[in-house]
Amino acid sequence: MKYIVILADGMADRPLEELGGLTVLEKADKPTIDALAALGEVGLVKTVPDSLKPGSDVANLSVMGYAPEKYYTGRSPLEAISMGVPLKDDDIAIRCNLVTLSNEEPYEKKRMADYSAGEITTEEAKELISAVAEKLNDDLHSFHNGISYRHCLVRHSSRIGTDFTPPHDISDKPIAEYLPKGLYGEEMLLLMKKSYDILAKHPVNVKRRERGLNPATSIWLWGEGTKPSLPSFYDKYHLKGEVISAVDLIKGLGISAEMRVPDIEGATGNLRTNFKGKAKAAIDAFKDGYDYVYLHMEAPDECGHQGDTAGKIRSIEIIDSVVVRYIKSELDRLSIPYRMLIMPDHPTPISIKTHSREAVPYLIYDSTKDISNGAVTYSEREAANTKKYYADAPSLIEHFLEK
């Protein structure tokens, strides 16, 4: 038996007035997924413990089968591992976004205009982070390039205890209430202010303004954590696993769990990602002898953060037609018995443009037998109607993997 998780990040949502009271999942045309729902098990699962924030770090760790209460040590260290940044036991890693802040002065009066600086290209971002590193790196701090707007700061010989806010939680809001506080709060704020002086008039940003694009005018620090320690996925579940994602966070989880993590050409983490390439990589993994694939797609989450209803619907429709349909047809053609789990990690409701902690709908399809439990389609409402519920994601994964 082969196992594949198709994780559509942030896909779950809330009913929207503009959609006549439907959610984006209910509105999207997804015939393949709905057909699987009619033959599969559909229900709800709580992916984020009440004691932790509903981030993609906690939720994906949970859906991979690792109890966050036991294994979670922070978001940025996972991204650092994916980026190849070495971490010592007394280092802390901090996520470093390139963001667009409004022009008000002083810094504290600015507004979060764009948490991704217009989804800045990796090439442009590398120039900007290099400029920040040249000015701000010292014996205590080191900045490291990542992908697009997602980068990393390592603070050496340190401990956690600073209060940060994710920038995607405060889209369009004044930043004053959300600046770093606590242990290294003043120091982190000073780095952010200095970055504004470095970046605001940088040639890369001058050219972006000329092209009508949002400039990356500041770094935004958040997501601190320490070096993680996960048992290998193989030791835990006795399955040879692969993780497919464009996002450093998810790739870092895979690396930490000692799974294979390939780089997929054209994988971006947004609506313009290489969906077909990711789907093909999943089939290739099974052909290479892997038992389990965790296929992560970020596009629904990005659209949710941007309040882009049409884009979120489109992302779900692409996942249905390009990813799920292809993987099912190829596995059927190859006569490989398999179980498929389709779900989001958490909701990213259009109405609030950030993550929430409601239980999310899951769908399990088994190619060897009919396991239907009354659902006709796949959606939040349909999942609730089945009355099937898991209080935590690791328990769902045990059930999915038949352990």
# chains A, B, ... in the order shown; residues from 1 in each chain; ligands from 1
>>> select_by_dssp(residues="range 237-279 of chain A", states="strand (DSSP E)", output="JSON, numbers by chain")
{"A": [241, 242, 243, 244]}
>>> write_last_selection(atoms="N, CA and C atoms", output="PDB file, in the first residue's frame")
ATOM      1  N   GLY A 241       9.593   7.881   3.315  1.00  0.00           N
ATOM      2  CA  GLY A 241       8.799   9.049   2.972  1.00  0.00           C
ATOM      3  C   GLY A 241       9.520  10.131   2.207  1.00  0.00           C
ATOM      4  N   GLU A 242       8.732  10.925   1.474  1.00  0.00           N
ATOM      5  CA  GLU A 242       9.222  12.089   0.732  1.00  0.00           C
ATOM      6  C   GLU A 242       8.289  13.271   0.974  1.00  0.00           C
ATOM      7  N   VAL A 243       8.877  14.448   1.072  1.00  0.00           N
ATOM      8  CA  VAL A 243       8.117  15.682   1.206  1.00  0.00           C
ATOM      9  C   VAL A 243       8.346  16.537  -0.029  1.00  0.00           C
ATOM     10  N   ILE A 244       7.249  17.022  -0.633  1.00  0.00           N
ATOM     11  CA  ILE A 244       7.317  17.863  -1.827  1.00  0.00           C
ATOM     12  C   ILE A 244       6.689  19.204  -1.494  1.00  0.00           C
TER      13      ILE A 244
END
>>> closest_residue(among="A:Cys303, A:Leu52, A:Met112, A:Ile352", to="Glu177 in chain A", atoms="only C-alpha atoms")
A:Met112
>>> atom_distance(atom1="CA of Ile160 in chain A", atom2="CA of Val48 in chain A")
21.2 Å
>>> closest_residue(among="A:Trp222, A:Tyr3, A:Val261, A:Val206", to="Tyr178 in chain A", atoms="only C-alpha atoms")
A:Trp222
>>> residues_around(residues="range 208-219 of chain A", least_positions_apart="3", cutoff="6 Å", atoms="only C-alpha atoms", output="number ranges by chain")
A: 97-100, 117-118, 192, 195-196, 199-200, 205
>>> write_last_selection(atoms="N, CA, C and O atoms", output="PDB file, in the first residue's frame")
ATOM      1  N   ASN A  97      10.973  38.348   7.187  1.00  0.00           N
ATOM      2  CA  ASN A  97      10.241  38.701   5.966  1.00  0.00           C
ATOM      3  C   ASN A  97      10.778  39.985   5.369  1.00  0.00           C
ATOM      4  O   ASN A  97      11.199  40.891   6.105  1.00  0.00           O
ATOM      5  N   LEU A  98      10.731  40.094   4.063  1.00  0.00           N
ATOM      6  CA  LEU A  98      10.835  41.388   3.399  1.00  0.00           C
ATOM      7  C   LEU A  98       9.415  41.889   3.193  1.00  0.00           C
ATOM      8  O   LEU A  98       8.598  41.208   2.571  1.00  0.00           O
ATOM      9  N   VAL A  99       9.110  43.065   3.744  1.00  0.00           N
ATOM     10  CA  VAL A  99       7.744  43.583   3.712  1.00  0.00           C
ATOM     11  C   VAL A  99       7.718  44.996   3.121  1.00  0.00           C
ATOM     12  O   VAL A  99       8.752  45.663   3.028  1.00  0.00           O
ATOM     13  N   THR A 100       6.530  45.414   2.758  1.00  0.00           N
ATOM     14  CA  THR A 100       6.303  46.796   2.339  1.00  0.00           C
ATOM     15  C   THR A 100       5.586  47.521   3.463  1.00  0.00           C
ATOM     16  O   THR A 100       4.461  47.145   3.826  1.00  0.00           O
ATOM     17  N   ALA A 117       5.936  41.961   0.210  1.00  0.00           N
ATOM     18  CA  ALA A 117       6.573  42.904  -0.727  1.00  0.00           C
ATOM     19  C   ALA A 117       6.262  42.525  -2.171  1.00  0.00           C
ATOM     20  O   ALA A 117       7.142  42.442  -3.020  1.00  0.00           O
ATOM     21  N   GLY A 118       4.977  42.303  -2.438  1.00  0.00           N
ATOM     22  CA  GLY A 118       4.573  41.974  -3.795  1.00  0.00           C
ATOM     23  C   GLY A 118       5.101  40.649  -4.272  1.00  0.00           C
ATOM     24  O   GLY A 118       5.336  40.471  -5.475  1.00  0.00           O
ATOM     25  N   MET A 192      15.126  46.210  12.677  1.00  0.00           N
ATOM     26  CA  MET A 192      14.088  46.488  11.690  1.00  0.00           C
ATOM     27  C   MET A 192      14.153  47.942  11.213  1.00  0.00           C
ATOM     28  O   MET A 192      14.063  48.233  10.014  1.00  0.00           O
ATOM     29  N   SER A 195      17.097  48.429   8.978  1.00  0.00           N
ATOM     30  CA  SER A 195      16.874  47.832   7.656  1.00  0.00           C
ATOM     31  C   SER A 195      16.084  48.779   6.760  1.00  0.00           C
ATOM     32  O   SER A 195      16.298  48.812   5.542  1.00  0.00           O
ATOM     33  N   TYR A 196      15.172  49.530   7.350  1.00  0.00           N
ATOM     34  CA  TYR A 196      14.391  50.496   6.550  1.00  0.00           C
ATOM     35  C   TYR A 196      15.318  51.532   5.912  1.00  0.00           C
ATOM     36  O   TYR A 196      15.176  51.882   4.738  1.00  0.00           O
ATOM     37  N   LEU A 199      17.066  49.746   3.014  1.00  0.00           N
ATOM     38  CA  LEU A 199      16.276  49.217   1.905  1.00  0.00           C
ATOM     39  C   LEU A 199      15.421  50.237   1.167  1.00  0.00           C
ATOM     40  O   LEU A 199      15.179  50.086  -0.043  1.00  0.00           O
ATOM     41  N   ALA A 200      14.931  51.238   1.859  1.00  0.00           N
ATOM     42  CA  ALA A 200      13.910  52.111   1.264  1.00  0.00           C
ATOM     43  C   ALA A 200      14.341  52.705  -0.072  1.00  0.00           C
ATOM     44  O   ALA A 200      13.536  52.809  -1.010  1.00  0.00           O
ATOM     45  N   ASN A 205      14.665  48.457  -5.120  1.00  0.00           N
ATOM     46  CA  ASN A 205      13.352  49.015  -4.823  1.00  0.00           C
ATOM     47  C   ASN A 205      13.011  50.204  -5.709  1.00  0.00           C
ATOM     48  O   ASN A 205      11.839  50.423  -6.036  1.00  0.00           O
TER      49      ASN A 205
END
>>> residues_around(residues="Pro231 in chain A", least_positions_apart="5", cutoff="10 Å", atoms="only C-alpha atoms", output="ChimeraX atom specification")
/A:66,71,236,256-258
>>> select_by_dssp(residues="range 244-393 of chain A", states="helix (DSSP H, G or I)", output="MDAnalysis selection string")
chainID A and resid 248:256 275:287 299:305 309:333 380:385 393
